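**Student:** One structure coming up, written as structure tokens, with questions to follow.
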Amino acid sequence: MRPMFLTALVLLTAPALGQEMPATLRGQAVMPAATFTAPPADAPPSLQVSGKYTAQASVERIEGTPGEGTTAPFQGQPLQGFSGIVPLGEGRFLVTSDNGFGAKNNSADAMLAVHEIRPDFAAGTVDVERTMFLRDPDGVARFPIVTEASAERYLTGADFDIEGVQVVGDSLVLGDEFGPFILVVDRATGILREVHGTVRDGLDIRSPDHPALRLPDPGGALPAYGAKRSRGYEGLALSSDGTHLLGLLEGPLWNAETGDWQRTEDGREALAILEMDAATRSWTGRHWLYPVEGPGHAIGDFQMLDATRGIVIERDNGQGDAELACKDGATTGCQKAPALFKRIYMIRLGAPGTPVEKLGHIDLLNMRDPDGIARLGRRDDGTFRFPFVTIENVARVDDTHLIVINDNNFPFSTGRDLTAPDATEVILVEAGEFLRLGLAP
């Protein structure tokens with residue numbers, strides 16, 4: 001049965017609309033930046049070593065002896081880039097690794113994978129219990145992939161950029177940024193079963209990275225309802241009754257009528273939330289708008305909590321603490337663009353076609369750590385910050401706690417240290433008041 005977005009009666013509780021709610025760090029587990037795994041034995045030799053195309057030009061192969069440090073190339077595949085999460089119960093979570101090294105043209109040796117992890121907050125470690133690499137042996141992808149000539153046809157970050165993920169029956173449904181596509185893979189084997197294009201108002205939505213297009217990125221002059229490069233699906237939510245998927249794009253769509261990116265009436269950029277039937281994988285035609293709070297803001301993840309309420313990570317493109325910002329013309333030994341906006345919003349869906357309502361938020365740059373439990377980023381004033389450029393995993397653990405994980409973009413992001421690559425940090429956040437926003441008293 002379709003969730004009744006229009007008739008559910010929910011009331012805003014005491015806090016004012018959009019108010020910041022308290023959040024307290026209750027656990028932190030860390031996976032070191034230089035964490036690697038061996039590819040399957042039947043993967044092509046080109047995938048046994050990764051990061052070969054991460055030079056500045058992204059076109060010339062990096063030569064040299066691969067190691068297990070933080071300088072490319074790397075022996076094996078790095079366990080990094082967590083960009084989608086599903087709670088599995090008993091302290092376990094399924095997470096995706098996104099397209100690899102940040103772009104389509106430098107990730108042809110980065111294997112797409114999903115992992116099952118178990119953070120141990122007492123020990124401060126993250127146990128990777130299973131890694132499953134995605135593949136397309138049946139040729140479901142209707143365009144040439146990097147491993148086209150191989151038998152198993154393992155998928156890479158030059159084929160898709162997987163972000164949001166949900167479990168639907170015996171399948172994993174994944175949102176892709178390149179097409180943007182919705183992918184369906186077998187949960188047990190990682191074999192690709194379905195690839196669905198994106199449709200809104202009867203029009204195909206394609207980004208400049210869509211395999212059917214042969215054109216350079218034209219900036220704003222995109223086809224009607226065109227998507228920005230690398231701004232496809234970043235969040236993929238499942239309705240509380242499991243009947244519908246809700247894909248949230250990372251960037252606004254092109255509005256041919258106005259000759260501008262999609263905006264709300266008050267001028268804010270607005271990201272599309274598109275609804276798909278979870279069983280048939282057909283687009284319902286229903287959609288909503290998520291207005292961002294600043295130019296160029298993006299989202300990191302999206303989960304539904306009940307029939308109308310959901311949580312969304314909204315972020316700027318900065319990293320590192322604000323006090324480390326470059327001053328007086330300095331360009332080294334400082335953060336050129338520090339993190340200023342990293343929030344998790346509670347939203348409520350209303351009538352299709354309208355902007356969502358933002359009920360309140362928690363500020364990931366202003367959390368409490370009264371017991372000093374932070375293992376990385378501990379501060380003397382009893383606060384805790386999560387100052388990463390990409391924070392792309394959030395899920396409700398129970399009625400009072402959230403799990404949040406950064407995408408560390410290995411080996412490029414430096415949000416904790418000015419020179420050292422970021423680790424993957426899994427934090428447990430107490431936010432009971434926030435999670436009760438919008439519930440009837």
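Lettering and numbering for the structure tokens are positional, with chains as A, B, ... in the shown order, residues counted from 1 in each chain, and ligands counted from 1 in the shown order.
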List the neighbours of Asn99 in chain A out to 8 Å using only C-alpha atoms; skip same-chain residues closer than 5 positions along the sequence, and give me the result as a ChimeraX atom specification.

**Tutor:** /A:81,104,107,110-112,156-158,160-162

**Student:** Which residues are near Asp176 in chain A? Cut-off 9 Å, only C-alpha atoms, ignore same chain within fewer than 6 positions. Put them as a list of chain:residue names.

**Tutor:**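 Non-adjacent residues within range: A:Asp98, A:Phe160, A:Asp161, A:Ile162, A:Glu163, A:Gly164, A:Ile182, A:Leu183, A:Gly232, A:Tyr233, A:Glu234.
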
**Student:** Please run DSSP on the backbone and report, as number ranges by chain, all residues within range 10-247 of chain A that come out as strand (DSSP E).

**Tutor:** A: 19-20, 24-31, 36-37, 49-50, 74-75, 77-78, 82-89, 92-97, 113-120, 125-133, 162-168, 171-176, 181-186, 192-200, 203-205, 233-238, 244-247

**Student:** Listing only residues of range 351-421 of chain A within 9 Å of range 59-77 of chain A, what is the closest atom pair and its distance in Å (to one decimal) for each, using only C-alpha atoms, sorted by chain and residue number ascending, as JSON lines?

**Tutor:**
{"residue": "A:Phe410", "atom": "CA", "partner": "A:Thr70", "partner_atom": "CA", "distance": 8.1}
{"residue": "A:Pro411", "atom": "CA", "partner": "A:Thr70", "partner_atom": "CA", "distance": 6.1}
{"residue": "A:Ala420", "atom": "CA", "partner": "A:Thr70", "partner_atom": "CA", "distance": 8.6}
{"residue": "A:Pro421", "atom": "CA", "partner": "A:Thr70", "partner_atom": "CA", "distance": 7.4}

**Student:** Restricting the calculation to only C-alpha atoms: of A:Val140, A:Met21, A:Leu324, A:Leu174, which residue gets closest to Arg416 in chain A?

**Tutor:** A:Leu324

**Student:** So which residues touch Ala227 in chain A within 8 Å, counting only C-alpha atoms, skipping near sequence neighbours fewer than 5 positions away, as a PyMOL selection string?

**Tutor:** chain A and resi 205-208+222+232+251-254

**Student:** For Ala270 in chain A, find every residue with an atom within 12 Å (counting only C-alpha atoms), except residues of its own chain fewer than 6 positions away, and show them as a PDB file with N, CA, C and O atoms, in the first residue's frame.

**Tutor:**
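Wrote it out as out.pdb, contents follow:
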ATOM      1  N   LEU A 248      17.186  10.832  -3.908  1.00  0.00           N
ATOM      2  CA  LEU A 248      17.481  12.262  -3.763  1.00  0.00           C
ATOM      3  C   LEU A 248      18.765  12.572  -4.511  1.00  0.00           C
ATOM      4  O   LEU A 248      19.829  12.009  -4.219  1.00  0.00           O
ATOM      5  N   LEU A 249      18.667  13.469  -5.501  1.00  0.00           N
ATOM      6  CA  LEU A 249      19.827  13.857  -6.295  1.00  0.00           C
ATOM      7  C   LEU A 249      20.721  14.793  -5.493  1.00  0.00           C
ATOM      8  O   LEU A 249      20.257  15.521  -4.617  1.00  0.00           O
ATOM      9  N   GLU A 250      22.008  14.788  -5.816  1.00  0.00           N
ATOM     10  CA  GLU A 250      22.959  15.620  -5.083  1.00  0.00           C
ATOM     11  C   GLU A 250      22.950  17.064  -5.557  1.00  0.00           C
ATOM     12  O   GLU A 250      23.306  17.979  -4.807  1.00  0.00           O
ATOM     13  N   GLY A 251      22.564  17.274  -6.801  1.00  0.00           N
ATOM     14  CA  GLY A 251      22.525  18.626  -7.340  1.00  0.00           C
ATOM     15  C   GLY A 251      21.190  18.903  -7.999  1.00  0.00           C
ATOM     16  O   GLY A 251      20.412  17.982  -8.282  1.00  0.00           O
ATOM     17  N   PRO A 252      20.894  20.178  -8.274  1.00  0.00           N
ATOM     18  CA  PRO A 252      19.618  20.531  -8.908  1.00  0.00           C
ATOM     19  C   PRO A 252      19.575  20.111 -10.371  1.00  0.00           C
ATOM     20  O   PRO A 252      20.615  19.937 -11.016  1.00  0.00           O
ATOM     21  N   LEU A 253      18.374  19.942 -10.889  1.00  0.00           N
ATOM     22  CA  LEU A 253      18.170  19.649 -12.306  1.00  0.00           C
ATOM     23  C   LEU A 253      18.020  20.952 -13.087  1.00  0.00           C
ATOM     24  O   LEU A 253      17.627  21.990 -12.549  1.00  0.00           O
ATOM     25  N   TRP A 254      18.315  20.858 -14.377  1.00  0.00           N
ATOM     26  CA  TRP A 254      18.205  22.022 -15.248  1.00  0.00           C
ATOM     27  C   TRP A 254      16.735  22.253 -15.587  1.00  0.00           C
ATOM     28  O   TRP A 254      16.007  21.332 -15.952  1.00  0.00           O
ATOM     29  N   ASN A 255      16.305  23.497 -15.438  1.00  0.00           N
ATOM     30  CA  ASN A 255      14.932  23.890 -15.760  1.00  0.00           C
ATOM     31  C   ASN A 255      14.954  24.668 -17.071  1.00  0.00           C
ATOM     32  O   ASN A 255      15.365  25.831 -17.108  1.00  0.00           O
ATOM     33  N   ASP A 260      17.625  28.010 -15.947  1.00  0.00           N
ATOM     34  CA  ASP A 260      18.389  28.019 -14.706  1.00  0.00           C
ATOM     35  C   ASP A 260      18.223  26.656 -14.040  1.00  0.00           C
ATOM     36  O   ASP A 260      17.381  25.855 -14.437  1.00  0.00           O
ATOM     37  N   TRP A 261      19.013  26.425 -13.011  1.00  0.00           N
ATOM     38  CA  TRP A 261      18.841  25.234 -12.223  1.00  0.00           C
ATOM     39  C   TRP A 261      17.573  25.344 -11.397  1.00  0.00           C
ATOM     40  O   TRP A 261      17.116  26.439 -11.079  1.00  0.00           O
ATOM     41  N   GLN A 262      16.981  24.197 -11.071  1.00  0.00           N
ATOM     42  CA  GLN A 262      15.730  24.169 -10.323  1.00  0.00           C
ATOM     43  C   GLN A 262      15.857  24.942  -9.014  1.00  0.00           C
ATOM     44  O   GLN A 262      16.802  24.763  -8.258  1.00  0.00           O
ATOM     45  N   ARG A 263      14.880  25.815  -8.761  1.00  0.00           N
ATOM     46  CA  ARG A 263      14.867  26.604  -7.536  1.00  0.00           C
ATOM     47  C   ARG A 263      13.472  26.639  -6.945  1.00  0.00           C
ATOM     48  O   ARG A 263      12.478  26.405  -7.633  1.00  0.00           O
ATOM     49  N   THR A 264      13.423  26.950  -5.647  1.00  0.00           N
ATOM     50  CA  THR A 264      12.141  27.181  -5.000  1.00  0.00           C
ATOM     51  C   THR A 264      11.710  28.614  -5.273  1.00  0.00           C
ATOM     52  O   THR A 264      12.459  29.418  -5.831  1.00  0.00           O
ATOM     53  N   HIS A 287       7.125  13.378  -7.142  1.00  0.00           N
ATOM     54  CA  HIS A 287       8.426  13.893  -6.740  1.00  0.00           C
ATOM     55  C   HIS A 287       8.237  15.075  -5.800  1.00  0.00           C
ATOM     56  O   HIS A 287       7.173  15.677  -5.715  1.00  0.00           O
ATOM     57  N   TRP A 288       9.317  15.401  -5.078  1.00  0.00           N
ATOM     58  CA  TRP A 288       9.348  16.507  -4.135  1.00  0.00           C
ATOM     59  C   TRP A 288      10.632  17.304  -4.365  1.00  0.00           C
ATOM     60  O   TRP A 288      11.498  16.887  -5.134  1.00  0.00           O
ATOM     61  N   LEU A 289      10.741  18.443  -3.701  1.00  0.00           N
ATOM     62  CA  LEU A 289      11.930  19.273  -3.798  1.00  0.00           C
ATOM     63  C   LEU A 289      12.570  19.411  -2.422  1.00  0.00           C
ATOM     64  O   LEU A 289      11.868  19.629  -1.422  1.00  0.00           O
ATOM     65  N   TYR A 290      13.882  19.288  -2.388  1.00  0.00           N
ATOM     66  CA  TYR A 290      14.641  19.536  -1.162  1.00  0.00           C
ATOM     67  C   TYR A 290      15.434  20.824  -1.352  1.00  0.00           C
ATOM     68  O   TYR A 290      16.416  20.851  -2.100  1.00  0.00           O
ATOM     69  N   PRO A 291      15.043  21.925  -0.701  1.00  0.00           N
ATOM     70  CA  PRO A 291      15.783  23.186  -0.842  1.00  0.00           C
ATOM     71  C   PRO A 291      17.044  23.192   0.015  1.00  0.00           C
ATOM     72  O   PRO A 291      17.001  22.814   1.193  1.00  0.00           O
ATOM     73  N   VAL A 292      18.168  23.592  -0.554  1.00  0.00           N
ATOM     74  CA  VAL A 292      19.411  23.665   0.207  1.00  0.00           C
ATOM     75  C   VAL A 292      19.571  25.066   0.781  1.00  0.00           C
ATOM     76  O   VAL A 292      18.992  26.037   0.283  1.00  0.00           O
ATOM     77  N   GLU A 293      20.382  25.153   1.834  1.00  0.00           N
ATOM     78  CA  GLU A 293      20.493  26.401   2.581  1.00  0.00           C
ATOM     79  C   GLU A 293      21.585  27.326   2.074  1.00  0.00           C
ATOM     80  O   GLU A 293      21.711  28.452   2.585  1.00  0.00           O
ATOM     81  N   GLY A 294      22.356  26.895   1.099  1.00  0.00           N
ATOM     82  CA  GLY A 294      23.401  27.759   0.577  1.00  0.00           C
ATOM     83  C   GLY A 294      23.767  27.381  -0.843  1.00  0.00           C
ATOM     84  O   GLY A 294      23.593  26.228  -1.248  1.00  0.00           O
ATOM     85  N   PRO A 295      24.269  28.324  -1.643  1.00  0.00           N
ATOM     86  CA  PRO A 295      24.679  28.016  -3.018  1.00  0.00           C
ATOM     87  C   PRO A 295      25.744  26.926  -3.045  1.00  0.00           C
ATOM     88  O   PRO A 295      26.708  26.963  -2.283  1.00  0.00           O
ATOM     89  N   GLY A 296      25.549  25.944  -3.908  1.00  0.00           N
ATOM     90  CA  GLY A 296      26.522  24.877  -4.043  1.00  0.00           C
ATOM     91  C   GLY A 296      26.449  23.812  -2.977  1.00  0.00           C
ATOM     92  O   GLY A 296      27.238  22.857  -3.011  1.00  0.00           O
ATOM     93  N   HIS A 297      25.529  23.952  -2.012  1.00  0.00           N
ATOM     94  CA  HIS A 297      25.396  22.882  -1.020  1.00  0.00           C
ATOM     95  C   HIS A 297      24.963  21.590  -1.696  1.00  0.00           C
ATOM     96  O   HIS A 297      24.280  21.600  -2.724  1.00  0.00           O
ATOM     97  N   ALA A 298      25.350  20.472  -1.086  1.00  0.00           N
ATOM     98  CA  ALA A 298      24.981  19.149  -1.597  1.00  0.00           C
ATOM     99  C   ALA A 298      24.447  18.326  -0.437  1.00  0.00           C
ATOM    100  O   ALA A 298      24.564  18.713   0.732  1.00  0.00           O
ATOM    101  N   ILE A 299      23.852  17.188  -0.762  1.00  0.00           N
ATOM    102  CA  ILE A 299      23.398  16.288   0.290  1.00  0.00           C
ATOM    103  C   ILE A 299      24.341  15.096   0.349  1.00  0.00           C
ATOM    104  O   ILE A 299      25.055  14.783  -0.620  1.00  0.00           O
ATOM    105  N   GLY A 353       5.353  17.398  -5.501  1.00  0.00           N
ATOM    106  CA  GLY A 353       5.635  18.598  -6.275  1.00  0.00           C
ATOM    107  C   GLY A 353       6.001  19.797  -5.430  1.00  0.00           C
ATOM    108  O   GLY A 353       6.377  20.839  -5.970  1.00  0.00           O
ATOM    109  N   THR A 354       5.934  19.680  -4.103  1.00  0.00           N
ATOM    110  CA  THR A 354       6.217  20.812  -3.224  1.00  0.00           C
ATOM    111  C   THR A 354       7.535  20.614  -2.496  1.00  0.00           C
ATOM    112  O   THR A 354       8.033  19.486  -2.380  1.00  0.00           O
ATOM    113  N   PRO A 355       8.116  21.699  -1.975  1.00  0.00           N
ATOM    114  CA  PRO A 355       9.327  21.558  -1.170  1.00  0.00           C
ATOM    115  C   PRO A 355       9.031  20.838   0.143  1.00  0.00           C
ATOM    116  O   PRO A 355       7.954  20.991   0.719  1.00  0.00           O
ATOM    117  N   VAL A 356      10.003  20.059   0.606  1.00  0.00           N
ATOM    118  CA  VAL A 356       9.861  19.415   1.909  1.00  0.00           C
ATOM    119  C   VAL A 356       9.943  20.480   2.999  1.00  0.00           C
ATOM    120  O   VAL A 356      10.473  21.570   2.796  1.00  0.00           O
TER     121      VAL A 356
END

**Student:** Quick one: residues within 10 Å of Ala123 in chain A, only C-alpha atoms counted, chain neighbours fewer than 4 positions away excluded, as a PyMOL selection string?

**Tutor:** chain A and resi 27-30+119

**Student:** Rounded to one decimal, what separation in Å do you get between CA of Leu172 in chain A and CA of Ala351 in chain A?

**Tutor:**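 Distance between the two atoms: 28.5 Å.
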
**Student:** Might you pull out every residue within 12 Å of Leu25 in chain A, with only C-alpha atoms counted and same-chain residues fewer than 6 positions away left off, and present them as a ChimeraX atom specification?

**Tutor:** /A:121,362-378,382-386,400-404,426-431

**Student:** Restricting the calculation to only C-alpha atoms, which member of A:Gln166, A:Pro44, A:Ala395, A:His196 is positioned closest to Glu148 in chain A?

**Tutor:**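 Among the listed residues, A:Pro44 lies closest to Glu148 in chain A.
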
**Student:** Pick from A:Pro352, A:Gly100, A:Pro144, A:Gly333: nearest to Asp417 in chain A, with only C-alpha atoms counted?

**Tutor:**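 Going through A:Pro352, A:Gly100, A:Pro144, A:Gly333 one by one, the smallest distance to Asp417 in chain A is for A:Gly333.
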
**Student:** What's around range 91-96 of chain A at 6 Å? Count only C-alpha atoms, leave out sequence neighbours fewer than 6 positions away in its own chain, and write the answer as a list of chain:residue names.

**Tutor:**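 The residues satisfying every condition are A:Phe82, A:Ser83, A:Gly84, A:Ile85, A:Val114, A:His115, A:Glu116, A:Ile117, A:Arg118.
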
**Student:** Check the smallest atom-to-atom distance from each of A:Asp306, A:Ala423, A:Met346, A:Asn393 to Ala34 in chain A using only C-alpha atoms, then report the winner.

**Tutor:**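 Among A:Asp306, A:Ala423, A:Met346, A:Asn393, it is A:Ala423 that comes nearest to Ala34 in chain A.
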
**Student:** Could you state the separation of CA of Ile311 in chain A and CA of Ala339 in chain A in Å, given to one decimal place?

**Tutor:**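 According to the coordinates, CA of Ile311 in chain A and CA of Ala339 in chain A are separated by 20.4 Å.
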
**Student:** Let me make sure I understand: among A:Arg396, A:Arg229, A:His244, A:Arg343, which one has the smallest atom-to-atom distance to Gly310 in chain A if we use only C-alpha atoms?

**Tutor:**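 Using only C-alpha atoms, the shortest distance to Gly310 in chain A belongs to A:Arg396.
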
**Student:** Please indicate the distance in Å from CA of Phe143 in chain A to CA of Arg214 in chain A, rounded to one decimal place.

**Tutor:**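 Pair CA of Phe143 in chain A / CA of Arg214 in chain A returns 12.8 Å.
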